[in-house]
>>> print(open('coords-v3.cif').read())   # mmCIF, C-alpha atoms
data_input
loop_
_atom_site.group_PDB
_atom_site.id
_atom_site.type_symbol
_atom_site.label_atom_id
_atom_site.label_comp_id
_atom_site.auth_asym_id
_atom_site.auth_seq_id
_atom_site.Cartn_x
_atom_site.Cartn_y
_atom_site.Cartn_z
ATOM 1 C CA MET F 1 -16.093 6.465 16.491
ATOM 2 C CA ASN F 2 -17.676 3.073 17.263
ATOM 3 C CA PRO F 3 -15.715 -0.203 16.678
ATOM 4 C CA GLY F 4 -17.809 -1.131 13.639
ATOM 5 C CA GLU F 5 -17.176 2.185 11.900
ATOM 6 C CA ARG F 6 -13.446 1.997 12.738
ATOM 7 C CA ALA F 7 -13.216 -1.510 11.250
ATOM 8 C CA ARG F 8 -15.091 -0.403 8.110
ATOM 9 C CA ARG F 9 -12.716 2.517 7.563
ATOM 10 C CA SER F 10 -9.696 0.272 8.158
ATOM 11 C CA ARG F 11 -10.888 -2.194 5.504
ATOM 12 C CA LYS F 12 -11.550 0.663 3.069
ATOM 13 C CA ALA F 13 -8.068 2.113 3.649
ATOM 14 C CA ARG F 14 -6.433 -1.288 3.047
ATOM 15 C CA ARG F 15 -8.364 -1.742 -0.207
ATOM 16 C CA GLY F 16 -7.377 1.739 -1.366
ATOM 17 C CA THR F 17 -3.694 1.149 -0.596
ATOM 18 C CA ALA F 18 -3.747 -2.209 -2.375
ATOM 19 C CA GLY F 19 -5.376 -0.590 -5.410
ATOM 20 C CA LEU F 20 -2.767 2.170 -5.447
ATOM 21 C CA ALA F 21 0.067 -0.344 -5.317
ATOM 22 C CA THR F 22 -1.412 -2.402 -8.155
ATOM 23 C CA LEU F 23 -2.089 0.575 -10.402
ATOM 24 C CA LEU F 24 1.224 2.277 -9.695
ATOM 25 C CA GLY F 25 2.940 -1.038 -10.398
ATOM 26 C CA MET F 26 1.112 -1.265 -13.733
ATOM 27 C CA MET F 27 2.278 2.257 -14.589
ATOM 28 C CA LEU F 28 5.899 1.441 -13.766
ATOM 29 C CA ALA F 29 5.683 -1.827 -15.673
ATOM 30 C CA GLY F 30 4.293 0.028 -18.664
ATOM 31 C CA CYS F 31 7.153 2.494 -18.481
ATOM 32 C CA ALA F 32 9.651 -0.356 -18.347
ATOM 33 C CA ALA F 33 8.004 -1.967 -21.341
ATOM 34 C CA SER F 34 8.074 1.273 -23.311
ATOM 35 C CA GLY F 35 11.760 1.588 -22.504
ATOM 36 C CA ALA F 36 12.254 -1.916 -23.851
ATOM 37 C CA SER F 37 11.416 -0.757 -27.358
ATOM 38 C CA SER F 38 14.801 0.954 -27.461
ATOM 39 C CA ASP F 39 16.626 -1.289 -24.967
ATOM 40 C CA THR F 40 15.922 -5.006 -25.223
ATOM 41 C CA SER F 41 17.844 -5.698 -21.993
ATOM 42 C CA THR F 42 14.855 -4.444 -19.961
ATOM 43 C CA SER F 43 12.141 -6.188 -21.955
ATOM 44 C CA SER F 44 11.278 -8.845 -19.356
ATOM 45 C CA VAL F 45 12.222 -7.040 -16.125
ATOM 46 C CA THR F 46 9.658 -4.949 -14.264
ATOM 47 C CA PRO F 47 9.850 -3.041 -10.963
ATOM 48 C CA ARG F 48 7.950 -4.219 -7.891
ATOM 49 C CA THR F 49 5.959 -1.517 -6.147
ATOM 50 C CA ARG F 50 4.411 -1.108 -2.690
ATOM 51 C CA VAL F 51 2.572 2.050 -1.601
ATOM 52 C CA LEU F 52 3.773 3.014 1.888
ATOM 53 C CA GLY F 53 1.163 5.710 2.433
ATOM 54 C CA SER F 54 -0.610 8.694 0.921
ATOM 55 C CA GLY F 55 -2.498 11.866 1.796
ATOM 56 C CA PRO F 56 -4.289 14.655 -0.078
ATOM 57 C CA ARG F 57 -1.045 16.013 -1.569
ATOM 58 C CA VAL F 58 1.603 13.288 -1.236
ATOM 59 C CA LEU F 59 2.067 9.636 -2.172
ATOM 60 C CA LEU F 60 5.074 7.619 -0.972
ATOM 61 C CA ALA F 61 5.927 4.277 -2.576
ATOM 62 C CA GLN F 62 8.710 1.742 -2.261
ATOM 63 C CA VAL F 63 10.011 0.469 -5.600
ATOM 64 C CA LEU F 64 12.271 -2.594 -5.861
ATOM 65 C CA LEU F 65 14.353 -2.660 -9.032
ATOM 66 C CA PRO F 66 15.739 -6.075 -10.025
ATOM 67 C CA PRO F 67 18.888 -6.047 -12.167
ATOM 68 C CA GLY F 68 18.039 -4.601 -15.581
ATOM 69 C CA ALA F 69 14.777 -2.943 -14.448
ATOM 70 C CA ARG F 70 13.973 0.632 -15.444
ATOM 71 C CA PHE F 71 11.138 3.002 -14.601
ATOM 72 C CA THR F 72 9.908 6.551 -15.036
ATOM 73 C CA LEU F 73 6.894 8.612 -14.004
ATOM 74 C CA PRO F 74 5.580 11.710 -15.806
ATOM 75 C CA THR F 75 5.889 15.137 -14.225
ATOM 76 C CA SER F 76 4.325 18.535 -14.820
ATOM 77 C CA VAL F 77 4.555 22.068 -13.485
ATOM 78 C CA CYS F 78 1.849 21.025 -11.001
ATOM 79 C CA GLN F 79 3.402 17.750 -9.876
ATOM 80 C CA ASP F 80 6.859 16.782 -8.630
ATOM 81 C CA VAL F 81 8.339 13.283 -8.739
ATOM 82 C CA LEU F 82 11.176 12.741 -6.254
ATOM 83 C CA VAL F 83 13.275 9.578 -5.958
ATOM 84 C CA TYR F 84 15.523 8.595 -3.039
ATOM 85 C CA VAL F 85 17.902 5.619 -3.375
ATOM 86 C CA ARG F 86 17.864 3.498 -0.233
ATOM 87 C CA ARG F 87 20.116 0.669 -1.382
ATOM 88 C CA GLY F 88 21.746 -0.601 -4.556
ATOM 89 C CA ALA F 89 23.383 1.124 -7.506
ATOM 90 C CA THR F 90 21.133 2.934 -9.982
ATOM 91 C CA GLU F 91 21.639 5.136 -13.013
ATOM 92 C CA LEU F 92 19.739 8.011 -14.558
ATOM 93 C CA ASP F 93 19.454 8.527 -18.297
ATOM 94 C CA GLY F 94 22.860 9.182 -19.812
ATOM 95 C CA GLY F 95 24.663 6.922 -17.342
ATOM 96 C CA ARG F 96 24.649 9.350 -14.427
ATOM 97 C CA PRO F 97 25.046 7.259 -11.234
ATOM 98 C CA LEU F 98 22.642 7.665 -8.331
ATOM 99 C CA LEU F 99 24.012 5.826 -5.312
ATOM 100 C CA PRO F 100 22.428 5.088 -1.902
ATOM 101 C CA GLY F 101 21.663 8.198 0.111
ATOM 102 C CA ARG F 102 21.214 10.452 -2.921
ATOM 103 C CA ALA F 103 17.983 11.764 -4.399
ATOM 104 C CA VAL F 104 16.719 13.276 -7.647
ATOM 105 C CA ARG F 105 13.789 15.404 -8.755
ATOM 106 C CA PHE F 106 12.664 14.329 -12.211
ATOM 107 C CA GLY F 107 12.681 17.259 -14.645
ATOM 108 C CA LEU F 108 9.775 18.380 -16.793
ATOM 109 C CA GLY F 109 11.335 16.687 -19.777
ATOM 110 C CA GLY F 110 10.945 13.342 -18.030
ATOM 111 C CA ALA F 111 13.635 11.065 -16.658
ATOM 112 C CA ALA F 112 14.218 7.371 -16.135
ATOM 113 C CA LEU F 113 16.022 5.442 -13.420
ATOM 114 C CA GLY F 114 17.466 2.013 -14.057
ATOM 115 C CA ASN F 115 19.356 -0.713 -12.251
ATOM 116 C CA THR F 116 22.402 -1.681 -14.292
ATOM 117 C CA SER F 117 24.068 -3.632 -11.486
ATOM 118 C CA GLY F 118 23.852 -7.309 -10.669
ATOM 119 C CA ARG F 119 21.923 -6.819 -7.417
ATOM 120 C CA ASP F 120 18.467 -5.549 -6.483
ATOM 121 C CA ALA F 121 18.062 -1.844 -5.780
ATOM 122 C CA GLU F 122 15.449 -0.175 -3.560
ATOM 123 C CA VAL F 123 14.171 3.375 -3.965
ATOM 124 C CA TYR F 124 11.475 5.560 -2.473
ATOM 125 C CA VAL F 125 9.278 7.444 -4.946
ATOM 126 C CA ILE F 126 7.451 10.569 -3.757
ATOM 127 C CA VAL F 127 4.724 12.081 -5.939
ATOM 128 C CA SER F 128 3.488 15.476 -4.759
ATOM 129 C CA ARG F 129 0.798 17.704 -6.239
ATOM 130 C CA SER F 130 0.185 21.413 -6.112
ATOM 131 C CA VAL F 131 -3.430 20.874 -5.030
ATOM 132 C CA ALA F 132 -4.899 18.939 -2.128
ATOM 133 C CA ARG F 133 -6.691 16.069 -3.840
ATOM 134 C CA ARG F 134 -6.388 12.637 -2.304
ATOM 135 C CA PHE F 135 -4.524 9.927 -4.178
ATOM 136 C CA GLY F 136 -6.644 6.855 -4.753
ATOM 137 C CA PRO F 137 -7.615 4.276 -7.395
ATOM 138 C CA ASP F 138 -9.780 6.837 -9.199
ATOM 139 C CA ALA F 139 -6.946 9.407 -9.196
ATOM 140 C CA THR F 140 -4.318 7.222 -10.835
ATOM 141 C CA LEU F 141 -5.041 8.594 -14.299
ATOM 142 C CA ASP F 142 -4.460 12.106 -12.960
ATOM 143 C CA MET F 143 -1.197 10.963 -11.416
ATOM 144 C CA GLN F 144 -0.099 9.373 -14.693
ATOM 145 C CA GLN F 145 -1.105 12.303 -16.881
ATOM 146 C CA ALA F 146 0.441 14.842 -14.470
ATOM 147 C CA PRO F 147 -2.215 17.554 -14.994
ATOM 148 C CA ALA F 148 -0.937 21.061 -15.696
ATOM 149 C CA ASP F 149 -2.487 24.360 -14.688
ATOM 150 C CA PRO F 150 -1.244 27.845 -15.653
ATOM 151 C CA ALA F 151 -1.659 28.819 -11.994
ATOM 152 C CA CYS F 152 1.265 26.544 -11.150
ATOM 153 C CA GLY F 153 3.697 28.859 -12.947
ATOM 154 C CA GLU F 154 6.880 27.630 -14.594
ATOM 155 C CA GLY F 155 8.729 24.494 -13.573
ATOM 156 C CA VAL F 156 12.363 23.474 -13.936
ATOM 157 C CA GLN F 157 13.125 21.479 -17.068
ATOM 158 C CA ALA F 158 16.319 19.745 -15.934
ATOM 159 C CA ASP F 159 16.623 16.990 -13.340
ATOM 160 C CA GLY F 160 17.743 18.130 -9.895
ATOM 161 C CA LEU F 161 20.259 15.971 -8.009
ATOM 162 C CA SER F 162 20.891 16.176 -4.280
ATOM 163 C CA ASP F 163 24.265 17.665 -3.389
ATOM 164 C CA LEU F 164 27.041 15.083 -3.198
ATOM 165 C CA GLY F 165 28.796 15.118 0.152
ATOM 166 C CA ALA F 166 26.698 17.931 1.646
ATOM 167 C CA GLU F 167 27.018 18.057 5.431
ATOM 168 C CA PRO F 168 23.796 17.741 7.471
ATOM 169 C CA PHE F 169 22.574 20.631 9.606
ATOM 170 C CA VAL F 170 23.195 19.840 13.284
ATOM 171 C CA HIS F 171 20.730 21.173 15.850
ATOM 172 C CA ALA F 172 19.173 20.644 19.274
ATOM 173 C CA GLY F 173 22.437 20.379 21.173
ATOM 174 C CA GLY F 174 23.763 17.800 18.741
ATOM 175 C CA GLU F 175 20.731 15.528 19.076
ATOM 176 C CA LEU F 176 19.391 16.129 15.565
ATOM 177 C CA ARG F 177 20.988 15.999 12.129
ATOM 178 C CA VAL F 178 18.919 17.128 9.142
ATOM 179 C CA SER F 179 19.989 16.385 5.576
ATOM 180 C CA ILE F 180 18.052 18.554 3.096
ATOM 181 C CA LEU F 181 18.146 16.391 -0.009
ATOM 182 C CA LEU F 182 15.782 18.203 -2.387
ATOM 183 C CA ASP F 183 14.215 21.653 -2.095
ATOM 184 C CA GLU F 184 13.131 24.514 -4.314
ATOM 185 C CA GLN F 185 16.315 26.551 -3.948
ATOM 186 C CA GLY F 186 18.698 23.751 -4.823
ATOM 187 C CA GLN F 187 16.804 21.400 -7.139
ATOM 188 C CA GLY F 188 13.609 23.217 -8.132
ATOM 189 C CA ALA F 189 11.371 20.973 -6.014
ATOM 190 C CA ARG F 190 8.469 23.338 -5.329
ATOM 191 C CA HIS F 191 5.629 20.968 -4.565
ATOM 192 C CA ALA F 192 7.597 18.880 -2.071
ATOM 193 C CA ALA F 193 10.906 19.108 -0.219
ATOM 194 C CA LEU F 194 12.648 15.907 0.876
ATOM 195 C CA THR F 195 14.797 15.669 4.005
ATOM 196 C CA ARG F 196 16.321 12.872 6.068
ATOM 197 C CA LEU F 197 16.259 13.053 9.867
ATOM 198 C CA ASP F 198 18.810 11.356 12.121
ATOM 199 C CA ALA F 199 18.225 11.879 15.838
ATOM 200 C CA SER F 200 19.424 10.469 19.123
ATOM 201 C CA ALA F 201 17.283 8.166 21.256
ATOM 202 C CA ALA F 202 16.506 11.138 23.512
ATOM 203 C CA ALA F 203 15.459 13.665 20.866
ATOM 204 C CA SER F 204 11.915 15.022 21.159
ATOM 205 C CA VAL F 205 10.013 17.504 19.001
ATOM 206 C CA PRO F 206 7.859 20.131 20.775
ATOM 207 C CA LEU F 207 4.275 20.816 19.769
ATOM 208 C CA HIS F 208 4.159 23.031 16.655
ATOM 209 C CA THR F 209 2.341 23.609 13.345
ATOM 210 C CA HIS F 210 3.076 24.424 9.686
ATOM 211 C CA ASN F 211 0.525 26.906 8.403
ATOM 212 C CA ASP F 212 0.822 26.319 4.662
ATOM 213 C CA SER F 213 2.458 22.893 4.243
ATOM 214 C CA ALA F 214 1.464 19.322 4.898
ATOM 215 C CA GLU F 215 4.139 17.100 6.421
ATOM 216 C CA VAL F 216 4.846 13.413 5.886
ATOM 217 C CA ILE F 217 7.008 11.364 8.245
ATOM 218 C CA PHE F 218 8.095 7.837 7.344
ATOM 219 C CA ILE F 219 9.943 6.040 10.146
ATOM 220 C CA GLU F 220 12.840 3.842 9.011
ATOM 221 C CA GLU F 221 14.386 3.188 12.425
ATOM 222 C CA GLY F 222 13.403 4.028 15.982
ATOM 223 C CA GLU F 223 10.121 4.292 17.819
ATOM 224 C CA GLY F 224 8.083 6.655 19.916
ATOM 225 C CA ARG F 225 4.754 8.440 20.108
ATOM 226 C CA MET F 226 3.392 11.297 18.014
ATOM 227 C CA LEU F 227 0.559 13.643 18.851
ATOM 228 C CA VAL F 228 -1.223 14.677 15.628
ATOM 229 C CA GLY F 229 -4.119 17.002 16.316
ATOM 230 C CA ASP F 230 -6.026 15.171 19.056
ATOM 231 C CA GLN F 231 -4.761 11.711 18.073
ATOM 232 C CA HIS F 232 -1.934 9.801 19.751
ATOM 233 C CA VAL F 233 -0.037 7.692 17.207
ATOM 234 C CA ALA F 234 2.497 4.998 18.134
ATOM 235 C CA VAL F 235 5.282 5.048 15.544
ATOM 236 C CA ARG F 236 7.977 2.509 14.729
ATOM 237 C CA SER F 237 9.889 1.260 11.713
ATOM 238 C CA GLY F 238 7.556 1.307 8.688
ATOM 239 C CA THR F 239 5.056 3.838 10.096
ATOM 240 C CA PHE F 240 3.728 6.478 7.669
ATOM 241 C CA VAL F 241 2.220 9.643 9.195
ATOM 242 C CA TYR F 242 0.462 12.369 7.183
ATOM 243 C CA ILE F 243 0.044 15.703 8.999
ATOM 244 C CA PRO F 244 -2.321 18.237 7.344
ATOM 245 C CA PRO F 245 -1.431 21.942 7.352
ATOM 246 C CA ARG F 246 -2.212 23.858 10.551
ATOM 247 C CA THR F 247 -2.383 20.639 12.581
ATOM 248 C CA PRO F 248 -0.470 20.745 15.899
ATOM 249 C CA HIS F 249 1.930 17.824 16.224
ATOM 250 C CA SER F 250 4.838 16.628 18.381
ATOM 251 C CA PHE F 251 7.087 13.597 18.892
ATOM 252 C CA THR F 252 8.212 11.828 22.067
ATOM 253 C CA PRO F 253 10.827 9.059 21.700
ATOM 254 C CA SER F 254 10.704 5.727 23.488
ATOM 255 C CA GLY F 255 14.329 6.260 24.494
ATOM 256 C CA ASN F 256 15.288 2.794 23.263
ATOM 257 C CA SER F 257 17.042 3.551 19.964
ATOM 258 C CA PRO F 258 18.080 6.400 17.642
ATOM 259 C CA LEU F 259 15.625 7.665 15.066
ATOM 260 C CA ARG F 260 16.004 7.733 11.295
ATOM 261 C CA ALA F 261 13.110 9.043 9.222
ATOM 262 C CA MET F 262 12.282 10.458 5.809
ATOM 263 C CA GLN F 263 10.429 13.765 5.898
ATOM 264 C CA VAL F 264 8.429 15.491 3.149
ATOM 265 C CA TYR F 265 7.005 19.008 3.241
ATOM 266 C CA ALA F 266 4.319 19.757 0.634
ATOM 267 C CA PRO F 267 4.752 22.379 -0.627
ATOM 268 C CA ALA F 268 8.408 23.059 0.138
ATOM 269 C CA GLY F 269 9.265 25.758 2.645
ATOM 270 C CA PRO F 270 9.353 24.673 6.324
ATOM 271 C CA GLU F 271 12.635 22.771 5.787
ATOM 272 C CA GLN F 272 14.430 26.095 5.334
ATOM 273 C CA ARG F 273 14.254 26.766 9.073
ATOM 274 C CA PHE F 274 16.982 24.151 9.518
ATOM 275 C CA ARG F 275 19.297 26.283 7.385
ATOM 276 C CA GLN F 276 18.456 29.454 9.304
ATOM 277 C CA ILE F 277 19.033 28.223 12.851
ATOM 278 C CA ALA F 278 22.639 28.610 14.011
ATOM 279 C CA PRO F 279 24.387 25.203 14.080
ATOM 280 C CA VAL F 280 25.646 23.796 17.365
ATOM 281 C CA THR F 281 29.294 23.710 18.326
ATOM 282 C CA GLU F 282 31.500 20.695 17.633
ATOM 283 C CA ALA F 283 31.436 19.810 21.324
ATOM 284 C CA GLU F 284 27.640 19.807 21.330
ATOM 285 C CA ALA F 285 27.532 17.723 18.161
ATOM 286 C CA ASN F 286 29.761 15.095 19.771
ATOM 287 C CA ALA F 287 27.419 14.875 22.743
ATOM 288 C CA ILE F 288 24.987 12.561 20.928
ATOM 289 C CA PRO F 289 24.596 9.396 23.047
ATOM 290 C CA ALA F 290 26.438 6.391 21.650
ATOM 291 C CA ALA F 291 24.559 3.442 20.186
ATOM 292 C CA GLY F 292 23.207 1.168 22.879
ATOM 293 C CA VAL F 293 22.675 3.965 25.424
ATOM 294 C CA SER F 294 19.009 4.314 26.355
ATOM 295 C CA PRO F 295 18.381 7.649 28.121
ATOM 296 C CA GLU F 296 14.986 8.455 29.569
ATOM 297 C CA PRO F 297 12.441 9.987 27.136
ATOM 298 C CA ILE F 298 12.150 13.764 27.193
ATOM 299 C CA ASP F 299 8.869 15.597 27.651
ATOM 300 C CA PRO F 300 8.484 17.654 24.414
ATOM 301 C CA ASN F 301 6.545 20.347 26.278
ATOM 302 C CA ALA F 302 9.583 20.904 28.517
ATOM 303 C CA LEU F 303 11.804 21.796 25.563
ATOM 304 C CA ALA F 304 11.652 25.567 25.324
ATOM 305 C CA VAL F 305 15.147 25.916 23.803
ATOM 306 C CA PRO F 306 16.189 24.548 21.436
ATOM 307 C CA ASN F 307 12.936 23.867 19.621
ATOM 308 C CA TRP F 308 14.242 22.697 16.209
ATOM 309 C CA GLY F 309 12.985 25.920 14.649
ATOM 310 C CA ALA F 310 9.356 24.914 15.147
ATOM 311 C CA THR F 311 6.575 27.503 15.341
ATOM 312 C CA PRO F 312 4.287 26.848 18.359
ATOM 313 C CA PRO F 313 0.592 26.604 17.453
ATOM 314 C CA ALA F 314 -1.632 29.566 18.142
ATOM 315 C CA ALA F 315 -3.852 29.154 21.188
ATOM 316 C CA GLU F 316 -7.021 29.306 19.100
ATOM 317 C CA THR F 317 -5.869 26.727 16.541
ATOM 318 C CA ALA F 318 -8.188 23.721 16.417
ATOM 319 C CA PRO F 319 -6.882 20.354 15.108
ATOM 320 C CA GLU F 320 -8.014 19.607 11.565
ATOM 321 C CA GLN F 321 -10.192 16.521 11.294
ATOM 322 C CA ARG F 322 -8.597 13.649 9.400
#
>>> encode(input="coords-v3.cif", output="structure tokens")
Amino acid sequence: MNPGERARRSRKARRGTAGLATLLGMMLAGCAASGASSDTSTSSVTPRTRVLGSGPRVLLAQVLLPPGARFTLPTSVCQDVLVYVRRGATELDGGRPLLPGRAVRFGLGGAALGNTSGRDAEVYVIVSRSVARRFGPDATLDMQQAPADPACGEGVQADGLSDLGAEPFVHAGGELRVSILLDEQGQGARHAALTRLDASAAASVPLHTHNDSAEVIFIEEGEGRMLVGDQHVAVRSGTFVYIPPRTPHSFTPSGNSPLRAMQVYAPAGPEQRFRQIAPVTEAEANAIPAAGVSPEPIDPNALAVPNWGATPPAAETAPEQR
């Protein structure tokens, strides 16, 4: 790709992201206004929205909720809406608290999340579809109307909350902790599963693929390098990476700091391998390097065991063009 074409695509991507943020913000503001008809305390308070990234199946947005703000997004059997609370105290309809570190899948009957505290709250909103159709300014109406298709089957009516106090799955000699927040088995999240990854500064991921699911990685802390297909991507705090199905990918850390990331599989499924792999012993779990220790990066191709449950790509698999 020549420099001119790369610059043109970069400008187009920035315009698309800005349009998504504006239109999603208008949707959330409209929802807050509609809620004001029955609750005057939210009449002048609207959420602030920023799209962090999107791909053909998944959109990830950051939503800041000032005190008194409230929002909702429509769902359908073909579209899941997942919410993860990053900071601040929030409440679902009926006064059910949703504190930092917990997540919810909005039910088919609709749900609303509000900030009833005196401080700002921050949440991540994940919208995932059953079909691979890119989110963009012209797709916002589809996102708002949550299109239904009989082929999607039956959804779960009730909201699904992440398990309170559930222990993470510990793997890779104690270097990786995986918290499965929302999945199909526990919360009825079929179109996307949400997990949180906490790894040591030395933890690498070997080259592997997911045949039927796209994967999204959003880096909150840490840095390193990812190989996605034939592209090398430098990742750090705030990086959004969309990995299409059947695309070989790996991760090599910088070795400077531990990693914390949000992970989405669309549709749900690959996250279950973390449940199936035998957990490490307590001694192995305590072997995670302490904060401030900076071990040398590990070559992901040298990690034969453990491999985090990843399936190596077939030799004939060609990277999917992005």
>>> resolve_selection(input="coords-v3.cif", expression="the PyMOL selection byres ((chain F and resi 238-249) around 9)", output="number ranges by chain")
F: 52-56, 58, 60, 205-221, 226-230, 233-237, 250-251, 312-313, 317-322
>>> write_last_selection(input="coords-v3.cif", atoms="C-alpha atoms", output="mmCIF file, in the coordinates of the input")
data_model
loop_
_atom_site.group_PDB
_atom_site.id
_atom_site.type_symbol
_atom_site.label_atom_id
_atom_site.label_comp_id
_atom_site.auth_asym_id
_atom_site.auth_seq_id
_atom_site.Cartn_x
_atom_site.Cartn_y
_atom_site.Cartn_z
ATOM 1 C CA LEU F 52 3.773 3.014 1.888
ATOM 2 C CA GLY F 53 1.163 5.710 2.433
ATOM 3 C CA SER F 54 -0.610 8.694 0.921
ATOM 4 C CA GLY F 55 -2.498 11.866 1.796
ATOM 5 C CA PRO F 56 -4.289 14.655 -0.078
ATOM 6 C CA VAL F 58 1.603 13.288 -1.236
ATOM 7 C CA LEU F 60 5.074 7.619 -0.972
ATOM 8 C CA VAL F 205 10.013 17.504 19.001
ATOM 9 C CA PRO F 206 7.859 20.131 20.775
ATOM 10 C CA LEU F 207 4.275 20.816 19.769
ATOM 11 C CA HIS F 208 4.159 23.031 16.655
ATOM 12 C CA THR F 209 2.341 23.609 13.345
ATOM 13 C CA HIS F 210 3.076 24.424 9.686
ATOM 14 C CA ASN F 211 0.525 26.906 8.403
ATOM 15 C CA ASP F 212 0.822 26.319 4.662
ATOM 16 C CA SER F 213 2.458 22.893 4.243
ATOM 17 C CA ALA F 214 1.464 19.322 4.898
ATOM 18 C CA GLU F 215 4.139 17.100 6.421
ATOM 19 C CA VAL F 216 4.846 13.413 5.886
ATOM 20 C CA ILE F 217 7.008 11.364 8.245
ATOM 21 C CA PHE F 218 8.095 7.837 7.344
ATOM 22 C CA ILE F 219 9.943 6.040 10.146
ATOM 23 C CA GLU F 220 12.840 3.842 9.011
ATOM 24 C CA GLU F 221 14.386 3.188 12.425
ATOM 25 C CA MET F 226 3.392 11.297 18.014
ATOM 26 C CA LEU F 227 0.559 13.643 18.851
ATOM 27 C CA VAL F 228 -1.223 14.677 15.628
ATOM 28 C CA GLY F 229 -4.119 17.002 16.316
ATOM 29 C CA ASP F 230 -6.026 15.171 19.056
ATOM 30 C CA VAL F 233 -0.037 7.692 17.207
ATOM 31 C CA ALA F 234 2.497 4.998 18.134
ATOM 32 C CA VAL F 235 5.282 5.048 15.544
ATOM 33 C CA ARG F 236 7.977 2.509 14.729
ATOM 34 C CA SER F 237 9.889 1.260 11.713
ATOM 35 C CA SER F 250 4.838 16.628 18.381
ATOM 36 C CA PHE F 251 7.087 13.597 18.892
ATOM 37 C CA PRO F 312 4.287 26.848 18.359
ATOM 38 C CA PRO F 313 0.592 26.604 17.453
ATOM 39 C CA THR F 317 -5.869 26.727 16.541
ATOM 40 C CA ALA F 318 -8.188 23.721 16.417
ATOM 41 C CA PRO F 319 -6.882 20.354 15.108
ATOM 42 C CA GLU F 320 -8.014 19.607 11.565
ATOM 43 C CA GLN F 321 -10.192 16.521 11.294
ATOM 44 C CA ARG F 322 -8.597 13.649 9.400
#
>>> resolve_selection(input="coords-v3.cif", expression="the PyMOL selection byres ((chain F and resi 50) around 6)", output="PDB file with C-alpha atoms, keeping the file's coordinate frame")
ATOM      1  CA  ALA F  21       0.067  -0.344  -5.317  1.00  0.00           C
ATOM      2  CA  THR F  49       5.959  -1.517  -6.147  1.00  0.00           C
ATOM      3  CA  VAL F  51       2.572   2.050  -1.601  1.00  0.00           C
ATOM      4  CA  ALA F  61       5.927   4.277  -2.576  1.00  0.00           C
ATOM      5  CA  GLN F  62       8.710   1.742  -2.261  1.00  0.00           C
TER       6      GLN F  62
END
>>> resolve_selection(input="coords-v3.cif", expression="the PyMOL selection byres ((chain F and resi 189-204) around 6)", output="PyMOL selection string")
chain F and resi 80+128+130+175-184+187-188+205+251-252+255+257-268+297+300
>>> atom_distance(input="coords-v3.cif", atom1="CA of Ala166 (chain F)", atom2="CA of Asp93 (chain F)")
23.2 Å
>>> residues_around(input="coords-v3.cif", residues="Leu65 (chain F)", least_positions_apart="5", cutoff="12 Å", atoms="all atoms listed in the file", output="short mmCIF file (atom, residue, chain, number, x, y, z; two decimals) with C-alpha atoms, keeping the file's coordinate frame")
data_model
loop_
_atom_site.label_atom_id
_atom_site.label_comp_id
_atom_site.auth_asym_id
_atom_site.auth_seq_id
_atom_site.Cartn_x
_atom_site.Cartn_y
_atom_site.Cartn_z
CA GLY F 25 2.94 -1.04 -10.40
CA LEU F 28 5.90 1.44 -13.77
CA ALA F 29 5.68 -1.83 -15.67
CA ALA F 32 9.65 -0.36 -18.35
CA THR F 42 14.86 -4.44 -19.96
CA VAL F 45 12.22 -7.04 -16.12
CA THR F 46 9.66 -4.95 -14.26
CA PRO F 47 9.85 -3.04 -10.96
CA ARG F 48 7.95 -4.22 -7.89
CA THR F 49 5.96 -1.52 -6.15
CA ARG F 50 4.41 -1.11 -2.69
CA ARG F 70 13.97 0.63 -15.44
CA PHE F 71 11.14 3.00 -14.60
CA THR F 72 9.91 6.55 -15.04
CA VAL F 85 17.90 5.62 -3.38
CA ARG F 86 17.86 3.50 -0.23
CA ARG F 87 20.12 0.67 -1.38
CA GLY F 88 21.75 -0.60 -4.56
CA ALA F 89 23.38 1.12 -7.51
CA THR F 90 21.13 2.93 -9.98
CA GLU F 91 21.64 5.14 -13.01
CA LEU F 113 16.02 5.44 -13.42
CA GLY F 114 17.47 2.01 -14.06
CA ASN F 115 19.36 -0.71 -12.25
CA THR F 116 22.40 -1.68 -14.29
CA SER F 117 24.07 -3.63 -11.49
CA GLY F 118 23.85 -7.31 -10.67
CA ARG F 119 21.92 -6.82 -7.42
CA ASP F 120 18.47 -5.55 -6.48
CA ALA F 121 18.06 -1.84 -5.78
CA GLU F 122 15.45 -0.18 -3.56
CA VAL F 123 14.17 3.38 -3.96
CA TYR F 124 11.48 5.56 -2.47
#
>>> atom_distance(input="coords-v3.cif", atom1="CA of Val127 (chain F)", atom2="CA of Val63 (chain F)")
12.8 Å
>>> atom_distance(input="coords-v3.cif", atom1="CA of Arg275 (chain F)", atom2="CA of Val131 (chain F)")
26.5 Å
>>> closest_residue(input="coords-v3.cif", among="F:Gly94, F:Gly107, F:Gly173, F:Pro67", to="Leu161 (chain F)", atoms="only C-alpha atoms")
F:Gly107
>>> closest_residue(input="coords-v3.cif", among="F:Val170, F:Val125, F:Ala151, F:Leu164", to="Val81 (chain F)", atoms="only C-alpha atoms")
F:Val125
>>> decode(input="coords-v3.cif", residues="region 176-187 of chain F", atoms="C-alpha atoms", output="CSV table (one decimal), in the first residue's frame")
chain,number,residue,atom,x,y,z
F,176,LEU,CA,-2.2,-15.8,33.2
F,177,ARG,CA,-5.5,-15.2,35.0
F,178,VAL,CA,-8.7,-15.3,32.9
F,179,SER,CA,-12.0,-14.0,34.4
F,180,ILE,CA,-15.0,-15.1,32.2
F,181,LEU,CA,-17.5,-12.4,32.9
F,182,LEU,CA,-20.3,-13.2,30.4
F,183,ASP,CA,-20.8,-16.2,28.2
F,184,GLU,CA,-23.6,-18.3,26.8
F,185,GLN,CA,-23.7,-20.9,29.6
F,186,GLY,CA,-23.8,-18.5,32.5
F,187,GLN,CA,-25.6,-15.4,31.2
